[in-house]
$ cat protein.cif   # mmCIF, C-alpha atoms and all ligand atoms; chains and numbers go by the auth columns
data_coords
#
loop_
_atom_site.group_PDB
_atom_site.id
_atom_site.type_symbol
_atom_site.label_atom_id
_atom_site.label_comp_id
_atom_site.label_asym_id
_atom_site.label_seq_id
_atom_site.Cartn_x
_atom_site.Cartn_y
_atom_site.Cartn_z
_atom_site.B_iso_or_equiv
_atom_site.auth_seq_id
_atom_site.auth_asym_id
ATOM 1 C CA MET A 1 9.233 -35.474 -32.849 0.00 1 A
ATOM 2 C CA LEU A 2 8.478 -36.494 -36.447 0.00 2 A
ATOM 3 C CA GLU A 3 7.969 -40.070 -35.330 0.00 3 A
ATOM 4 C CA LEU A 4 5.607 -38.938 -32.561 0.00 4 A
ATOM 5 C CA LEU A 5 3.630 -36.792 -34.974 0.00 5 A
ATOM 6 C CA LYS A 6 3.328 -39.656 -37.438 0.00 6 A
ATOM 7 C CA THR A 7 2.205 -42.215 -34.869 0.00 7 A
ATOM 8 C CA ARG A 8 -0.155 -40.120 -32.709 0.00 8 A
ATOM 9 C CA ARG A 9 -3.820 -41.066 -33.030 0.00 9 A
ATOM 10 C CA SER A 10 -6.837 -40.378 -30.854 0.00 10 A
ATOM 11 C CA ILE A 11 -7.117 -43.283 -28.436 0.00 11 A
ATOM 12 C CA ARG A 12 -10.478 -43.866 -26.768 0.00 12 A
ATOM 13 C CA LYS A 13 -9.909 -47.301 -25.189 0.00 13 A
ATOM 14 C CA TYR A 14 -7.551 -47.717 -22.251 0.00 14 A
ATOM 15 C CA THR A 15 -6.242 -50.574 -20.140 0.00 15 A
ATOM 16 C CA ASN A 16 -6.867 -50.645 -16.376 0.00 16 A
ATOM 17 C CA ARG A 17 -3.278 -49.618 -15.656 0.00 17 A
ATOM 18 C CA LYS A 18 -2.972 -46.376 -13.667 0.00 18 A
ATOM 19 C CA VAL A 19 -0.777 -43.636 -15.064 0.00 19 A
ATOM 20 C CA GLU A 20 2.296 -43.345 -12.842 0.00 20 A
ATOM 21 C CA LYS A 21 2.723 -40.119 -10.825 0.00 21 A
ATOM 22 C CA GLU A 22 6.105 -39.545 -12.514 0.00 22 A
ATOM 23 C CA LYS A 23 4.453 -39.620 -15.945 0.00 23 A
ATOM 24 C CA ILE A 24 1.739 -37.199 -14.852 0.00 24 A
ATOM 25 C CA GLU A 25 4.526 -34.884 -13.604 0.00 25 A
ATOM 26 C CA GLU A 26 6.337 -35.168 -16.943 0.00 26 A
ATOM 27 C CA ILE A 27 3.172 -34.281 -18.838 0.00 27 A
ATOM 28 C CA LEU A 28 2.643 -31.243 -16.603 0.00 28 A
ATOM 29 C CA LYS A 29 6.274 -30.165 -16.987 0.00 29 A
ATOM 30 C CA GLY A 30 5.841 -30.458 -20.741 0.00 30 A
ATOM 31 C CA VAL A 31 2.666 -28.402 -20.916 0.00 31 A
ATOM 32 C CA LEU A 32 3.958 -25.676 -18.613 0.00 32 A
ATOM 33 C CA THR A 33 6.584 -24.857 -21.276 0.00 33 A
ATOM 34 C CA ALA A 34 3.931 -24.236 -23.958 0.00 34 A
ATOM 35 C CA PRO A 35 4.001 -20.921 -25.802 0.00 35 A
ATOM 36 C CA THR A 36 1.216 -18.406 -25.091 0.00 36 A
ATOM 37 C CA ALA A 37 0.319 -15.034 -26.578 0.00 37 A
ATOM 38 C CA SER A 38 2.428 -12.297 -24.933 0.00 38 A
ATOM 39 C CA ASN A 39 3.577 -15.031 -22.559 0.00 39 A
ATOM 40 C CA GLY A 40 0.229 -14.512 -20.822 0.00 40 A
ATOM 41 C CA ARG A 41 -0.007 -18.112 -19.541 0.00 41 A
ATOM 42 C CA PRO A 42 -3.731 -18.002 -18.835 0.00 42 A
ATOM 43 C CA TRP A 43 -3.881 -21.757 -18.311 0.00 43 A
ATOM 44 C CA GLU A 44 -5.310 -23.639 -15.355 0.00 44 A
ATOM 45 C CA PHE A 45 -4.995 -27.431 -15.492 0.00 45 A
ATOM 46 C CA ILE A 46 -7.110 -29.781 -13.390 0.00 46 A
ATOM 47 C CA VAL A 47 -5.732 -33.308 -13.009 0.00 47 A
ATOM 48 C CA VAL A 48 -8.509 -35.827 -12.356 0.00 48 A
ATOM 49 C CA GLU A 49 -7.955 -39.460 -11.324 0.00 49 A
ATOM 50 C CA ASP A 50 -10.977 -39.980 -9.093 0.00 50 A
ATOM 51 C CA GLU A 51 -13.170 -42.674 -10.686 0.00 51 A
ATOM 52 C CA GLU A 52 -16.453 -41.086 -9.691 0.00 52 A
ATOM 53 C CA LYS A 53 -15.444 -37.704 -11.078 0.00 53 A
ATOM 54 C CA LEU A 54 -14.244 -39.300 -14.318 0.00 54 A
ATOM 55 C CA ARG A 55 -17.560 -41.098 -14.614 0.00 55 A
ATOM 56 C CA LYS A 56 -19.492 -37.861 -14.133 0.00 56 A
ATOM 57 C CA LEU A 57 -17.235 -35.994 -16.569 0.00 57 A
ATOM 58 C CA SER A 58 -17.791 -38.745 -19.150 0.00 58 A
ATOM 59 C CA ASN A 59 -21.403 -37.506 -19.381 0.00 59 A
ATOM 60 C CA CYS A 60 -20.402 -33.918 -20.093 0.00 60 A
ATOM 61 C CA ARG A 61 -21.676 -34.266 -23.664 0.00 61 A
ATOM 62 C CA ILE A 62 -24.550 -36.199 -25.239 0.00 62 A
ATOM 63 C CA ASN A 63 -21.939 -38.013 -27.319 0.00 63 A
ATOM 64 C CA GLY A 64 -18.202 -37.814 -27.884 0.00 64 A
ATOM 65 C CA SER A 65 -17.245 -37.996 -24.204 0.00 65 A
ATOM 66 C CA GLN A 66 -18.575 -41.308 -22.820 0.00 66 A
ATOM 67 C CA PHE A 67 -15.281 -43.162 -23.326 0.00 67 A
ATOM 68 C CA LEU A 68 -13.757 -41.044 -20.541 0.00 68 A
ATOM 69 C CA GLU A 69 -15.372 -43.409 -18.037 0.00 69 A
ATOM 70 C CA GLY A 70 -12.784 -46.016 -19.025 0.00 70 A
ATOM 71 C CA ALA A 71 -9.794 -43.694 -18.675 0.00 71 A
ATOM 72 C CA PRO A 72 -7.634 -43.616 -15.544 0.00 72 A
ATOM 73 C CA LEU A 73 -6.710 -39.961 -15.964 0.00 73 A
ATOM 74 C CA ALA A 74 -8.000 -36.709 -17.413 0.00 74 A
ATOM 75 C CA ILE A 75 -6.470 -33.281 -17.596 0.00 75 A
ATOM 76 C CA VAL A 76 -9.009 -30.501 -17.896 0.00 76 A
ATOM 77 C CA VAL A 77 -7.619 -27.575 -19.858 0.00 77 A
ATOM 78 C CA ALA A 78 -8.939 -24.271 -18.533 0.00 78 A
ATOM 79 C CA ALA A 79 -7.966 -20.611 -18.549 0.00 79 A
ATOM 80 C CA GLY A 80 -8.344 -17.939 -15.900 0.00 80 A
ATOM 81 C CA GLY A 81 -7.146 -14.544 -14.758 0.00 81 A
ATOM 82 C CA GLU A 82 -7.679 -11.476 -16.907 0.00 82 A
ATOM 83 C CA LEU A 83 -8.815 -13.371 -19.958 0.00 83 A
ATOM 84 C CA ARG A 84 -8.245 -12.072 -23.452 0.00 84 A
ATOM 85 C CA ASP A 85 -9.931 -13.610 -26.512 0.00 85 A
ATOM 86 C CA ILE A 86 -6.717 -15.434 -27.315 0.00 86 A
ATOM 87 C CA TRP A 87 -7.168 -17.798 -24.340 0.00 87 A
ATOM 88 C CA VAL A 88 -8.742 -20.184 -26.856 0.00 88 A
ATOM 89 C CA GLU A 89 -5.560 -20.480 -28.933 0.00 89 A
ATOM 90 C CA ASP A 90 -3.378 -20.624 -25.801 0.00 90 A
ATOM 91 C CA SER A 91 -5.511 -23.437 -24.392 0.00 91 A
ATOM 92 C CA ALA A 92 -5.659 -25.382 -27.652 0.00 92 A
ATOM 93 C CA ILE A 93 -1.870 -25.277 -27.987 0.00 93 A
ATOM 94 C CA SER A 94 -1.468 -26.519 -24.425 0.00 94 A
ATOM 95 C CA ALA A 95 -3.920 -29.338 -25.115 0.00 95 A
ATOM 96 C CA ILE A 96 -1.933 -30.680 -28.054 0.00 96 A
ATOM 97 C CA ILE A 97 1.279 -30.383 -26.028 0.00 97 A
ATOM 98 C CA ILE A 98 -0.377 -32.574 -23.381 0.00 98 A
ATOM 99 C CA GLN A 99 -1.344 -35.074 -26.092 0.00 99 A
ATOM 100 C CA LEU A 100 2.101 -35.222 -27.666 0.00 100 A
ATOM 101 C CA THR A 101 3.953 -35.377 -24.332 0.00 101 A
ATOM 102 C CA ALA A 102 1.678 -38.192 -23.193 0.00 102 A
ATOM 103 C CA HIS A 103 2.204 -40.027 -26.496 0.00 103 A
ATOM 104 C CA SER A 104 5.981 -39.712 -26.040 0.00 104 A
ATOM 105 C CA LEU A 105 5.542 -41.514 -22.691 0.00 105 A
ATOM 106 C CA GLY A 106 3.656 -44.444 -24.286 0.00 106 A
ATOM 107 C CA LEU A 107 0.208 -43.134 -23.364 0.00 107 A
ATOM 108 C CA GLY A 108 -2.875 -42.697 -25.532 0.00 108 A
ATOM 109 C CA THR A 109 -5.022 -39.576 -25.412 0.00 109 A
ATOM 110 C CA CYS A 110 -8.151 -38.066 -26.865 0.00 110 A
ATOM 111 C CA TRP A 111 -9.494 -34.513 -26.835 0.00 111 A
ATOM 112 C CA ILE A 112 -13.051 -34.060 -25.501 0.00 112 A
ATOM 113 C CA HIS A 113 -14.326 -30.700 -26.543 0.00 113 A
ATOM 114 C CA VAL A 114 -16.018 -28.481 -23.932 0.00 114 A
ATOM 115 C CA ARG A 115 -16.084 -24.857 -25.126 0.00 115 A
ATOM 116 C CA ASN A 116 -19.380 -23.918 -26.837 0.00 116 A
ATOM 117 C CA ARG A 117 -20.817 -27.408 -26.418 0.00 117 A
ATOM 118 C CA MET A 118 -23.954 -28.471 -24.544 0.00 118 A
ATOM 119 C CA HIS A 119 -24.395 -31.098 -21.828 0.00 119 A
ATOM 120 C CA ASN A 120 -28.161 -31.102 -22.423 0.00 120 A
ATOM 121 C CA GLU A 121 -30.778 -28.674 -23.723 0.00 121 A
ATOM 122 C CA SER A 122 -30.375 -26.242 -20.843 0.00 122 A
ATOM 123 C CA THR A 123 -26.865 -26.713 -19.416 0.00 123 A
ATOM 124 C CA SER A 124 -23.603 -26.023 -21.205 0.00 124 A
ATOM 125 C CA THR A 125 -20.857 -28.623 -21.059 0.00 125 A
ATOM 126 C CA GLU A 126 -18.672 -25.962 -19.475 0.00 126 A
ATOM 127 C CA ASP A 127 -21.098 -25.316 -16.575 0.00 127 A
ATOM 128 C CA TYR A 128 -21.574 -29.047 -16.080 0.00 128 A
ATOM 129 C CA VAL A 129 -17.790 -29.610 -15.837 0.00 129 A
ATOM 130 C CA LYS A 130 -17.263 -26.544 -13.648 0.00 130 A
ATOM 131 C CA ASP A 131 -19.844 -27.770 -11.166 0.00 131 A
ATOM 132 C CA ILE A 132 -18.201 -31.202 -10.813 0.00 132 A
ATOM 133 C CA LEU A 133 -14.732 -29.733 -10.271 0.00 133 A
ATOM 134 C CA ASP A 134 -15.572 -26.596 -8.227 0.00 134 A
ATOM 135 C CA VAL A 135 -14.194 -24.310 -10.902 0.00 135 A
ATOM 136 C CA PRO A 136 -14.653 -20.642 -9.949 0.00 136 A
ATOM 137 C CA GLU A 137 -16.717 -18.167 -11.948 0.00 137 A
ATOM 138 C CA GLY A 138 -14.715 -16.446 -14.667 0.00 138 A
ATOM 139 C CA VAL A 139 -12.534 -19.450 -15.424 0.00 139 A
ATOM 140 C CA LYS A 140 -13.136 -20.832 -18.932 0.00 140 A
ATOM 141 C CA ILE A 141 -12.855 -24.467 -20.032 0.00 141 A
ATOM 142 C CA GLU A 142 -11.531 -25.455 -23.435 0.00 142 A
ATOM 143 C CA CYS A 143 -11.435 -29.235 -23.328 0.00 143 A
ATOM 144 C CA ILE A 144 -10.693 -32.379 -21.382 0.00 144 A
ATOM 145 C CA ILE A 145 -7.804 -34.590 -22.447 0.00 145 A
ATOM 146 C CA ALA A 146 -8.481 -38.254 -21.621 0.00 146 A
ATOM 147 C CA ILE A 147 -5.252 -40.159 -20.963 0.00 147 A
ATOM 148 C CA GLY A 148 -4.350 -43.798 -20.365 0.00 148 A
ATOM 149 C CA TYR A 149 -2.399 -46.797 -21.595 0.00 149 A
ATOM 150 C CA PRO A 150 -3.807 -47.643 -25.048 0.00 150 A
ATOM 151 C CA ASP A 151 -6.086 -50.640 -25.437 0.00 151 A
ATOM 152 C CA GLU A 152 -6.520 -50.111 -29.182 0.00 152 A
ATOM 153 C CA LYS A 153 -4.138 -49.756 -32.101 0.00 153 A
ATOM 154 C CA LYS A 154 -4.603 -47.338 -34.979 0.00 154 A
ATOM 155 C CA PRO A 155 -2.479 -46.970 -38.082 0.00 155 A
ATOM 156 C CA PRO A 156 -0.839 -43.632 -38.911 0.00 156 A
ATOM 157 C CA HIS A 157 -2.653 -41.274 -41.317 0.00 157 A
ATOM 158 C CA ASP A 158 -1.758 -41.342 -45.002 0.00 158 A
ATOM 159 C CA ILE A 159 0.132 -38.045 -45.200 0.00 159 A
ATOM 160 C CA ASN A 160 1.029 -38.512 -48.865 0.00 160 A
ATOM 161 C CA SER A 161 -2.569 -37.986 -50.013 0.00 161 A
ATOM 162 C CA LEU A 162 -2.922 -35.003 -47.657 0.00 162 A
ATOM 163 C CA PHE A 163 0.189 -33.483 -49.216 0.00 163 A
ATOM 164 C CA LYS A 164 -1.467 -33.580 -52.615 0.00 164 A
ATOM 165 C CA ASP A 165 -4.817 -32.174 -51.464 0.00 165 A
ATOM 166 C CA ARG A 166 -3.999 -29.669 -48.779 0.00 166 A
ATOM 167 C CA VAL A 167 -0.597 -28.124 -49.350 0.00 167 A
ATOM 168 C CA HIS A 168 -0.321 -25.205 -51.759 0.00 168 A
ATOM 169 C CA TYR A 169 2.850 -23.667 -53.045 0.00 169 A
ATOM 170 C CA GLU A 170 3.152 -19.966 -53.835 0.00 170 A
ATOM 171 C CA LYS A 171 -0.626 -19.668 -54.450 0.00 171 A
ATOM 172 C CA TYR A 172 -3.805 -21.444 -53.369 0.00 172 A
HETATM 173 C C1 LIG B . -10.550 -29.351 -31.424 0.00 201 A
HETATM 174 C C2 LIG B . -10.809 -30.828 -31.305 0.00 201 A
HETATM 175 C C3 LIG B . -11.963 -31.289 -30.717 0.00 201 A
HETATM 176 C C4 LIG B . -12.201 -32.653 -30.588 0.00 201 A
HETATM 177 N N1 LIG B . -13.292 -33.082 -29.887 0.00 201 A
HETATM 178 C C5 LIG B . -13.480 -34.401 -29.704 0.00 201 A
HETATM 179 C C6 LIG B . -14.541 -34.870 -28.872 0.00 201 A
HETATM 180 O O1 LIG B . -15.285 -34.092 -28.275 0.00 201 A
HETATM 181 N N2 LIG B . -14.691 -36.210 -28.734 0.00 201 A
HETATM 182 C C7 LIG B . -13.867 -37.107 -29.364 0.00 201 A
HETATM 183 O O2 LIG B . -14.060 -38.308 -29.193 0.00 201 A
HETATM 184 N N3 LIG B . -12.830 -36.696 -30.131 0.00 201 A
HETATM 185 C C8 LIG B . -12.613 -35.377 -30.302 0.00 201 A
HETATM 186 N N4 LIG B . -11.532 -34.937 -31.012 0.00 201 A
HETATM 187 C C9 LIG B . -10.630 -35.916 -31.666 0.00 201 A
HETATM 188 C C10 LIG B . -10.872 -35.958 -33.169 0.00 201 A
HETATM 189 O O3 LIG B . -12.065 -36.646 -33.452 0.00 201 A
HETATM 190 C C11 LIG B . -9.657 -36.621 -33.855 0.00 201 A
HETATM 191 O O4 LIG B . -8.498 -35.864 -33.588 0.00 201 A
HETATM 192 C C12 LIG B . -9.857 -36.756 -35.358 0.00 201 A
HETATM 193 O O5 LIG B . -10.923 -37.629 -35.656 0.00 201 A
HETATM 194 C C13 LIG B . -8.587 -37.244 -36.063 0.00 201 A
HETATM 195 O O6 LIG B . -8.180 -38.486 -35.539 0.00 201 A
HETATM 196 P P1 LIG B . -6.735 -38.682 -34.894 0.00 201 A
HETATM 197 O O7 LIG B . -6.638 -37.775 -33.690 0.00 201 A
HETATM 198 O O8 LIG B . -6.639 -40.133 -34.549 0.00 201 A
HETATM 199 O O9 LIG B . -5.707 -38.251 -35.902 0.00 201 A
HETATM 200 C C14 LIG B . -11.269 -33.580 -31.130 0.00 201 A
HETATM 201 C C15 LIG B . -10.102 -33.111 -31.735 0.00 201 A
HETATM 202 C C16 LIG B . -9.855 -31.760 -31.813 0.00 201 A
HETATM 203 C C17 LIG B . -8.559 -31.276 -32.411 0.00 201 A
#

$ encode --input "protein.cif" --output "structure tokens"
Amino acid sequence: MLELLKTRRSIRKYTNRKVEKEKIEEILKGVLTAPTASNGRPWEFIVVEDEEKLRKLSNCRINGSQFLEGAPLAIVVAAGGELRDIWVEDSAISAIIIQLTAHSLGLGTCWIHVRNRMHNESTSTEDYVKDILDVPEGVKIECIIAIGYPDEKKPPHDINSLFKDRVHYEKY
């Protein structure tokens, strides 16, 4: 786990290689073990491999989402049922579990944020995504995780400097 945490980076360029069904299953098995508040499990995950849908989803934001067009796979992280405010935390935790599980399988990922973002001046990113994927009313969307075999390399972050700046002992 420590090695995975150290080496994970946001990957926005992917090779043409499809993600094997077995790997998609492993990612889903991983995320379905994620902790949720009161074990509420509000999540709904939408697995998207269709090229046309990925292309449309890549335009969900004015910027920050276009690279999805080059990804072979996306998992849309949503939440439904009797939603409590904590669906946001539950969804965010599941998203990072998807990212880390995918990384453990040799895949690169990047979060594309959806909640409270706009597709254009009049349409929210959420409504735009919901329309493409036939998501029912009442279901909320947190983000889209783009997934694929990495076609870029990024060095790990320098955690030593972060230690100095961001970790406090006993008091702030
Ligand atoms: C809550 C959240 C929202 C993010 N939204 C986007 C996004 O919409 N588009 C994007 O390209 N990257 C997005 N990212 C990825 C961040 O830009 C990235 O994690 C950050 O720059 C640190 O780089 P690293 O992931 O390689 O460590 C998001 C990450 C998080 C955690």

$ residues_around --input "protein.cif" --residues "Arg12 of chain A" --least-positions-apart "4" --cutoff "9 Å" --atoms "all atoms listed in the file" --output "PyMOL selection string"
chain A and resi 67-68+70-71+108-110+146-148+150-152

$ write_last_selection --input "protein.cif" --atoms "C-alpha atoms" --output "PDB file, in the frame of the given file"
ATOM      1  CA  PHE A  67     -15.281 -43.162 -23.326  1.00  0.00           C
ATOM      2  CA  LEU A  68     -13.757 -41.044 -20.541  1.00  0.00           C
ATOM      3  CA  GLY A  70     -12.784 -46.016 -19.025  1.00  0.00           C
ATOM      4  CA  ALA A  71      -9.794 -43.694 -18.675  1.00  0.00           C
ATOM      5  CA  GLY A 108      -2.875 -42.697 -25.532  1.00  0.00           C
ATOM      6  CA  THR A 109      -5.022 -39.576 -25.412  1.00  0.00           C
ATOM      7  CA  CYS A 110      -8.151 -38.066 -26.865  1.00  0.00           C
ATOM      8  CA  ALA A 146      -8.481 -38.254 -21.621  1.00  0.00           C
ATOM      9  CA  ILE A 147      -5.252 -40.159 -20.963  1.00  0.00           C
ATOM     10  CA  GLY A 148      -4.350 -43.798 -20.365  1.00  0.00           C
ATOM     11  CA  PRO A 150      -3.807 -47.643 -25.048  1.00  0.00           C
ATOM     12  CA  ASP A 151      -6.086 -50.640 -25.437  1.00  0.00           C
ATOM     13  CA  GLU A 152      -6.520 -50.111 -29.182  1.00  0.00           C
TER      14      GLU A 152
END

$ residues_near_ligand --input "protein.cif" --ligand "ligand LIG 201 (chain A)" --cutoff "9 Å" --atoms "only C-alpha atoms and all ligand atoms" --output "JSON list (two decimals) with C-alpha atoms, keeping the file's coordinate frame"
[["chain", "number", "residue", "atom", "x", "y", "z"],
["A", 7, "THR", "CA", 2.20, -42.22, -34.87],
["A", 8, "ARG", "CA", -0.16, -40.12, -32.71],
["A", 9, "ARG", "CA", -3.82, -41.07, -33.03],
["A", 10, "SER", "CA", -6.84, -40.38, -30.85],
["A", 11, "ILE", "CA", -7.12, -43.28, -28.44],
["A", 12, "ARG", "CA", -10.48, -43.87, -26.77],
["A", 61, "ARG", "CA", -21.68, -34.27, -23.66],
["A", 63, "ASN", "CA", -21.94, -38.01, -27.32],
["A", 64, "GLY", "CA", -18.20, -37.81, -27.88],
["A", 65, "SER", "CA", -17.24, -38.00, -24.20],
["A", 66, "GLN", "CA", -18.58, -41.31, -22.82],
["A", 67, "PHE", "CA", -15.28, -43.16, -23.33],
["A", 92, "ALA", "CA", -5.66, -25.38, -27.65],
["A", 95, "ALA", "CA", -3.92, -29.34, -25.12],
["A", 96, "ILE", "CA", -1.93, -30.68, -28.05],
["A", 109, "THR", "CA", -5.02, -39.58, -25.41],
["A", 110, "CYS", "CA", -8.15, -38.07, -26.86],
["A", 111, "TRP", "CA", -9.49, -34.51, -26.84],
["A", 112, "ILE", "CA", -13.05, -34.06, -25.50],
["A", 113, "HIS", "CA", -14.33, -30.70, -26.54],
["A", 114, "VAL", "CA", -16.02, -28.48, -23.93],
["A", 117, "ARG", "CA", -20.82, -27.41, -26.42],
["A", 142, "GLU", "CA", -11.53, -25.46, -23.44],
["A", 143, "CYS", "CA", -11.44, -29.24, -23.33],
["A", 144, "ILE", "CA", -10.69, -32.38, -21.38],
["A", 154, "LYS", "CA", -4.60, -47.34, -34.98],
["A", 155, "PRO", "CA", -2.48, -46.97, -38.08],
["A", 156, "PRO", "CA", -0.84, -43.63, -38.91],
["A", 157, "HIS", "CA", -2.65, -41.27, -41.32]]

$ resolve_selection --input "protein.cif" --expression "the PyMOL selection byres (((chain A and resi 88) around 10) and not hetatm)" --output "PyMOL selection string"
chain A and resi 42-43+78-79+83-87+89-94+115+140-142

$ write_last_selection --input "protein.cif" --atoms "C-alpha atoms" --output "mmCIF file, in the coordinates of the input"
data_model
loop_
_atom_site.group_PDB
_atom_site.id
_atom_site.type_symbol
_atom_site.label_atom_id
_atom_site.label_comp_id
_atom_site.auth_asym_id
_atom_site.auth_seq_id
_atom_site.Cartn_x
_atom_site.Cartn_y
_atom_site.Cartn_z
ATOM 1 C CA PRO A 42 -3.731 -18.002 -18.835
ATOM 2 C CA TRP A 43 -3.881 -21.757 -18.311
ATOM 3 C CA ALA A 78 -8.939 -24.271 -18.533
ATOM 4 C CA ALA A 79 -7.966 -20.611 -18.549
ATOM 5 C CA LEU A 83 -8.815 -13.371 -19.958
ATOM 6 C CA ARG A 84 -8.245 -12.072 -23.452
ATOM 7 C CA ASP A 85 -9.931 -13.610 -26.512
ATOM 8 C CA ILE A 86 -6.717 -15.434 -27.315
ATOM 9 C CA TRP A 87 -7.168 -17.798 -24.340
ATOM 10 C CA GLU A 89 -5.560 -20.480 -28.933
ATOM 11 C CA ASP A 90 -3.378 -20.624 -25.801
ATOM 12 C CA SER A 91 -5.511 -23.437 -24.392
ATOM 13 C CA ALA A 92 -5.659 -25.382 -27.652
ATOM 14 C CA ILE A 93 -1.870 -25.277 -27.987
ATOM 15 C CA SER A 94 -1.468 -26.519 -24.425
ATOM 16 C CA ARG A 115 -16.084 -24.857 -25.126
ATOM 17 C CA LYS A 140 -13.136 -20.832 -18.932
ATOM 18 C CA ILE A 141 -12.855 -24.467 -20.032
ATOM 19 C CA GLU A 142 -11.531 -25.455 -23.435
#

$ atom_distance --input "protein.cif" --atom1 "atom CA of His103 of chain A" --atom2 "atom CA of Arg41 of chain A"
23.1 Å

$ closest_residue --input "protein.cif" --among "A:Leu54, A:Leu100, A:Gly40, A:Val48" --to "Glu3 of chain A" --atoms "only C-alpha atoms"
A:Leu100

$ resolve_selection --input "protein.cif" --expression "the PyMOL selection byres (((chain A and resi 30) around 10) and not hetatm)" --output "list of chain:residue names"
A:Ile24, A:Glu25, A:Glu26, A:Ile27, A:Leu28, A:Lys29, A:Val31, A:Leu32, A:Thr33, A:Ala34, A:Ser94, A:Ile97, A:Ile98, A:Leu100, A:Thr101, A:Ala102

$ closest_residue --input "protein.cif" --among "A:Ile62, A:Lys153, A:Leu4, A:Gly80" --to "Gln99 of chain A" --atoms "all atoms listed in the file"
A:Leu4

$ residues_around --input "protein.cif" --residues "Val135 of chain A" --least-positions-apart "2" --cutoff "12 Å" --atoms "only C-alpha atoms" --output "PyMOL selection string"
chain A and resi 44-46+76-80+126-133+137-141

$ write_last_selection --input "protein.cif" --atoms "C-alpha atoms" --output "CSV table (one decimal), keeping the file's coordinate frame"
chain,number,residue,atom,x,y,z
A,44,GLU,CA,-5.3,-23.6,-15.4
A,45,PHE,CA,-5.0,-27.4,-15.5
A,46,ILE,CA,-7.1,-29.8,-13.4
A,76,VAL,CA,-9.0,-30.5,-17.9
A,77,VAL,CA,-7.6,-27.6,-19.9
A,78,ALA,CA,-8.9,-24.3,-18.5
A,79,ALA,CA,-8.0,-20.6,-18.5
A,80,GLY,CA,-8.3,-17.9,-15.9
A,126,GLU,CA,-18.7,-26.0,-19.5
A,127,ASP,CA,-21.1,-25.3,-16.6
A,128,TYR,CA,-21.6,-29.0,-16.1
A,129,VAL,CA,-17.8,-29.6,-15.8
A,130,LYS,CA,-17.3,-26.5,-13.6
A,131,ASP,CA,-19.8,-27.8,-11.2
A,132,ILE,CA,-18.2,-31.2,-10.8
A,133,LEU,CA,-14.7,-29.7,-10.3
A,137,GLU,CA,-16.7,-18.2,-11.9
A,138,GLY,CA,-14.7,-16.4,-14.7
A,139,VAL,CA,-12.5,-19.4,-15.4
A,140,LYS,CA,-13.1,-20.8,-18.9
A,141,ILE,CA,-12.9,-24.5,-20.0

$ axis_aligned_box --input "protein.cif" --around "segment 35-43 of chain A" --padding-each-side "5 Å" --output "lines of an AutoDock Vina configuration file"
center_x = 0.1
center_y = -17.0
center_z = -22.4
size_x = 17.9
size_y = 19.5
size_z = 18.3

$ decode --input "protein.cif" --residues "segment 95-107 of chain A" --atoms "N, CA and C atoms" --output "PDB file, in the first residue's frame"
ATOM      1  N   ALA A  95     -14.207   6.935  -4.795  1.00  0.00           N
ATOM      2  CA  ALA A  95     -13.444   7.348  -5.978  1.00  0.00           C
ATOM      3  C   ALA A  95     -11.944   7.067  -5.788  1.00  0.00           C
ATOM      4  N   ILE A  96     -11.436   7.394  -4.619  1.00  0.00           N
ATOM      5  CA  ILE A  96      -9.993   7.162  -4.413  1.00  0.00           C
ATOM      6  C   ILE A  96      -9.699   5.662  -4.311  1.00  0.00           C
ATOM      7  N   ILE A  97     -10.666   4.890  -3.819  1.00  0.00           N
ATOM      8  CA  ILE A  97     -10.464   3.433  -3.799  1.00  0.00           C
ATOM      9  C   ILE A  97     -10.373   2.906  -5.239  1.00  0.00           C
ATOM     10  N   ILE A  98     -11.223   3.450  -6.113  1.00  0.00           N
ATOM     11  CA  ILE A  98     -11.147   3.066  -7.534  1.00  0.00           C
ATOM     12  C   ILE A  98      -9.751   3.407  -8.070  1.00  0.00           C
ATOM     13  N   GLN A  99      -9.278   4.605  -7.752  1.00  0.00           N
ATOM     14  CA  GLN A  99      -7.976   5.048  -8.282  1.00  0.00           C
ATOM     15  C   GLN A  99      -6.839   4.159  -7.782  1.00  0.00           C
ATOM     16  N   LEU A 100      -6.871   3.857  -6.491  1.00  0.00           N
ATOM     17  CA  LEU A 100      -5.766   3.056  -5.934  1.00  0.00           C
ATOM     18  C   LEU A 100      -5.839   1.599  -6.396  1.00  0.00           C
ATOM     19  N   THR A 101      -7.057   1.061  -6.494  1.00  0.00           N
ATOM     20  CA  THR A 101      -7.188  -0.329  -6.974  1.00  0.00           C
ATOM     21  C   THR A 101      -6.703  -0.415  -8.419  1.00  0.00           C
ATOM     22  N   ALA A 102      -7.101   0.563  -9.218  1.00  0.00           N
ATOM     23  CA  ALA A 102      -6.671   0.568 -10.624  1.00  0.00           C
ATOM     24  C   ALA A 102      -5.145   0.680 -10.704  1.00  0.00           C
ATOM     25  N   HIS A 103      -4.574   1.557  -9.891  1.00  0.00           N
ATOM     26  CA  HIS A 103      -3.111   1.727  -9.892  1.00  0.00           C
ATOM     27  C   HIS A 103      -2.431   0.408  -9.521  1.00  0.00           C
ATOM     28  N   SER A 104      -3.010  -0.317  -8.576  1.00  0.00           N
ATOM     29  CA  SER A 104      -2.413  -1.600  -8.156  1.00  0.00           C
ATOM     30  C   SER A 104      -2.446  -2.627  -9.292  1.00  0.00           C
ATOM     31  N   LEU A 105      -3.312  -2.390 -10.282  1.00  0.00           N
ATOM     32  CA  LEU A 105      -3.425  -3.309 -11.428  1.00  0.00           C
ATOM     33  C   LEU A 105      -2.642  -2.787 -12.636  1.00  0.00           C
ATOM     34  N   GLY A 106      -1.802  -1.755 -12.412  1.00  0.00           N
ATOM     35  CA  GLY A 106      -0.960  -1.238 -13.507  1.00  0.00           C
ATOM     36  C   GLY A 106      -1.653  -0.212 -14.371  1.00  0.00           C
ATOM     37  N   LEU A 107      -2.797   0.299 -13.900  1.00  0.00           N
ATOM     38  CA  LEU A 107      -3.570   1.260 -14.689  1.00  0.00           C
ATOM     39  C   LEU A 107      -3.363   2.675 -14.171  1.00  0.00           C
TER      40      LEU A 107
END
